[in-house]
Amino acid sequence: MTIASNVKQTLASLKGAEADLSSLALRTQEFESKRTLHETMMSVHEVVTDLKKRIGEMEREEFQYKGF
């Protein structure tokens, strides 16, 4: 598996974790837990956004990563 494939697989996993955290936050009744889950989801979202940017940079800078 190439580096680009690993990075994109990581991105997919992070998106899944983000969705799971969001779902849990919506279903949780206890306010403090809901807030903690939401904050954690937002932190993961920031990582997802940064990783998407990095993938774009990799694809622009390294020809062999384009389209993987």
# chains A, B, ... in the order shown; residues from 1 in each chain; ligands from 1
call {"tool": "residues_around", "arguments": {"residues": "stretch 44-46 of chain A", "least_positions_apart": "4", "cutoff": "12 Å", "atoms": "only C-alpha atoms", "output": "PDB file with N, CA, C and O atoms, in the first residue's frame"}}
result
ATOM      1  N   THR A  10      -6.625   6.675   6.285  1.00  0.00           N
ATOM      2  CA  THR A  10      -6.691   7.356   7.573  1.00  0.00           C
ATOM      3  C   THR A  10      -7.772   8.424   7.557  1.00  0.00           C
ATOM      4  O   THR A  10      -8.543   8.568   8.518  1.00  0.00           O
ATOM      5  N   LEU A  11      -7.854   9.174   6.467  1.00  0.00           N
ATOM      6  CA  LEU A  11      -8.889  10.199   6.327  1.00  0.00           C
ATOM      7  C   LEU A  11     -10.279   9.572   6.419  1.00  0.00           C
ATOM      8  O   LEU A  11     -11.151  10.086   7.126  1.00  0.00           O
ATOM      9  N   ALA A  12     -10.481   8.462   5.741  1.00  0.00           N
ATOM     10  CA  ALA A  12     -11.784   7.785   5.786  1.00  0.00           C
ATOM     11  C   ALA A  12     -12.113   7.331   7.207  1.00  0.00           C
ATOM     12  O   ALA A  12     -13.255   7.473   7.668  1.00  0.00           O
ATOM     13  N   SER A  13     -11.127   6.816   7.907  1.00  0.00           N
ATOM     14  CA  SER A  13     -11.337   6.374   9.293  1.00  0.00           C
ATOM     15  C   SER A  13     -11.697   7.555  10.195  1.00  0.00           C
ATOM     16  O   SER A  13     -12.590   7.450  11.050  1.00  0.00           O
ATOM     17  N   LEU A  14     -11.008   8.669  10.001  1.00  0.00           N
ATOM     18  CA  LEU A  14     -11.293   9.861  10.802  1.00  0.00           C
ATOM     19  C   LEU A  14     -12.696  10.399  10.526  1.00  0.00           C
ATOM     20  O   LEU A  14     -13.397  10.834  11.442  1.00  0.00           O
ATOM     21  N   LYS A  15     -13.113  10.358   9.265  1.00  0.00           N
ATOM     22  CA  LYS A  15     -14.460  10.800   8.931  1.00  0.00           C
ATOM     23  C   LYS A  15     -15.493   9.905   9.613  1.00  0.00           C
ATOM     24  O   LYS A  15     -16.532  10.379  10.088  1.00  0.00           O
ATOM     25  N   GLY A  16     -15.208   8.606   9.675  1.00  0.00           N
ATOM     26  CA  GLY A  16     -16.095   7.678  10.366  1.00  0.00           C
ATOM     27  C   GLY A  16     -16.170   7.984  11.851  1.00  0.00           C
ATOM     28  O   GLY A  16     -17.258   7.981  12.447  1.00  0.00           O
ATOM     29  N   ALA A  17     -15.024   8.258  12.458  1.00  0.00           N
ATOM     30  CA  ALA A  17     -14.987   8.601  13.881  1.00  0.00           C
ATOM     31  C   ALA A  17     -15.751   9.895  14.136  1.00  0.00           C
ATOM     32  O   ALA A  17     -16.493  10.009  15.120  1.00  0.00           O
ATOM     33  N   GLU A  18     -15.590  10.857  13.243  1.00  0.00           N
ATOM     34  CA  GLU A  18     -16.303  12.127  13.373  1.00  0.00           C
ATOM     35  C   GLU A  18     -17.815  11.898  13.338  1.00  0.00           C
ATOM     36  O   GLU A  18     -18.560  12.437  14.161  1.00  0.00           O
ATOM     37  N   ALA A  19     -18.267  11.077  12.409  1.00  0.00           N
ATOM     38  CA  ALA A  19     -19.698  10.779  12.293  1.00  0.00           C
ATOM     39  C   ALA A  19     -20.208  10.041  13.537  1.00  0.00           C
ATOM     40  O   ALA A  19     -21.309  10.335  14.033  1.00  0.00           O
ATOM     41  N   ASP A  20     -19.424   9.100  14.035  1.00  0.00           N
ATOM     42  CA  ASP A  20     -19.817   8.363  15.241  1.00  0.00           C
ATOM     43  C   ASP A  20     -19.929   9.295  16.445  1.00  0.00           C
ATOM     44  O   ASP A  20     -20.880   9.197  17.234  1.00  0.00           O
ATOM     45  N   LEU A  21     -18.968  10.184  16.604  1.00  0.00           N
ATOM     46  CA  LEU A  21     -19.010  11.131  17.722  1.00  0.00           C
ATOM     47  C   LEU A  21     -20.219  12.051  17.619  1.00  0.00           C
ATOM     48  O   LEU A  21     -20.894  12.338  18.619  1.00  0.00           O
ATOM     49  N   SER A  22     -20.530  12.499  16.414  1.00  0.00           N
ATOM     50  CA  SER A  22     -21.687  13.360  16.205  1.00  0.00           C
ATOM     51  C   SER A  22     -22.974  12.623  16.559  1.00  0.00           C
ATOM     52  O   SER A  22     -23.845  13.160  17.252  1.00  0.00           O
ATOM     53  N   LEU A  37     -18.577  15.138  23.879  1.00  0.00           N
ATOM     54  CA  LEU A  37     -18.608  14.437  22.590  1.00  0.00           C
ATOM     55  C   LEU A  37     -18.594  15.430  21.434  1.00  0.00           C
ATOM     56  O   LEU A  37     -17.888  15.226  20.436  1.00  0.00           O
ATOM     57  N   HIS A  38     -19.352  16.501  21.554  1.00  0.00           N
ATOM     58  CA  HIS A  38     -19.385  17.517  20.493  1.00  0.00           C
ATOM     59  C   HIS A  38     -18.020  18.189  20.332  1.00  0.00           C
ATOM     60  O   HIS A  38     -17.545  18.385  19.207  1.00  0.00           O
ATOM     61  N   GLU A  39     -17.388  18.545  21.437  1.00  0.00           N
ATOM     62  CA  GLU A  39     -16.067  19.178  21.368  1.00  0.00           C
ATOM     63  C   GLU A  39     -15.043  18.239  20.733  1.00  0.00           C
ATOM     64  O   GLU A  39     -14.208  18.670  19.923  1.00  0.00           O
ATOM     65  N   THR A  40     -15.115  16.970  21.097  1.00  0.00           N
ATOM     66  CA  THR A  40     -14.192  15.990  20.516  1.00  0.00           C
ATOM     67  C   THR A  40     -14.445  15.840  19.021  1.00  0.00           C
ATOM     68  O   THR A  40     -13.510  15.781  18.223  1.00  0.00           O
ATOM     69  N   ASP A  50      -7.552  19.536   7.960  1.00  0.00           N
ATOM     70  CA  ASP A  50      -6.111  19.666   7.725  1.00  0.00           C
ATOM     71  C   ASP A  50      -5.581  18.534   6.852  1.00  0.00           C
ATOM     72  O   ASP A  50      -4.743  18.757   5.967  1.00  0.00           O
ATOM     73  N   LEU A  51      -6.062  17.319   7.094  1.00  0.00           N
ATOM     74  CA  LEU A  51      -5.591  16.173   6.320  1.00  0.00           C
ATOM     75  C   LEU A  51      -6.039  16.275   4.868  1.00  0.00           C
ATOM     76  O   LEU A  51      -5.279  15.924   3.955  1.00  0.00           O
ATOM     77  N   LYS A  52      -7.249  16.774   4.630  1.00  0.00           N
ATOM     78  CA  LYS A  52      -7.708  16.989   3.252  1.00  0.00           C
ATOM     79  C   LYS A  52      -6.792  17.967   2.528  1.00  0.00           C
ATOM     80  O   LYS A  52      -6.446  17.756   1.353  1.00  0.00           O
ATOM     81  N   LYS A  53      -6.411  19.035   3.215  1.00  0.00           N
ATOM     82  CA  LYS A  53      -5.487  20.003   2.616  1.00  0.00           C
ATOM     83  C   LYS A  53      -4.157  19.345   2.292  1.00  0.00           C
ATOM     84  O   LYS A  53      -3.577  19.576   1.225  1.00  0.00           O
TER      85      LYS A  53
END
call {"tool": "closest_residue", "arguments": {"among": "A:Thr2, A:Lys8, A:Arg27, A:Thr36", "to": "A:Ile55", "atoms": "only C-alpha atoms"}}
result
A:Lys8
call {"tool": "select_by_dssp", "arguments": {"residues": "chain A", "states": "alpha helix (DSSP H)", "output": "PyMOL selection string"}}
result
chain A and resi 3-27+31-61
call {"tool": "atom_distance", "arguments": {"atom1": "atom CA of A:Lys34", "atom2": "atom CA of A:Gln9"}}
result
27.8 Å
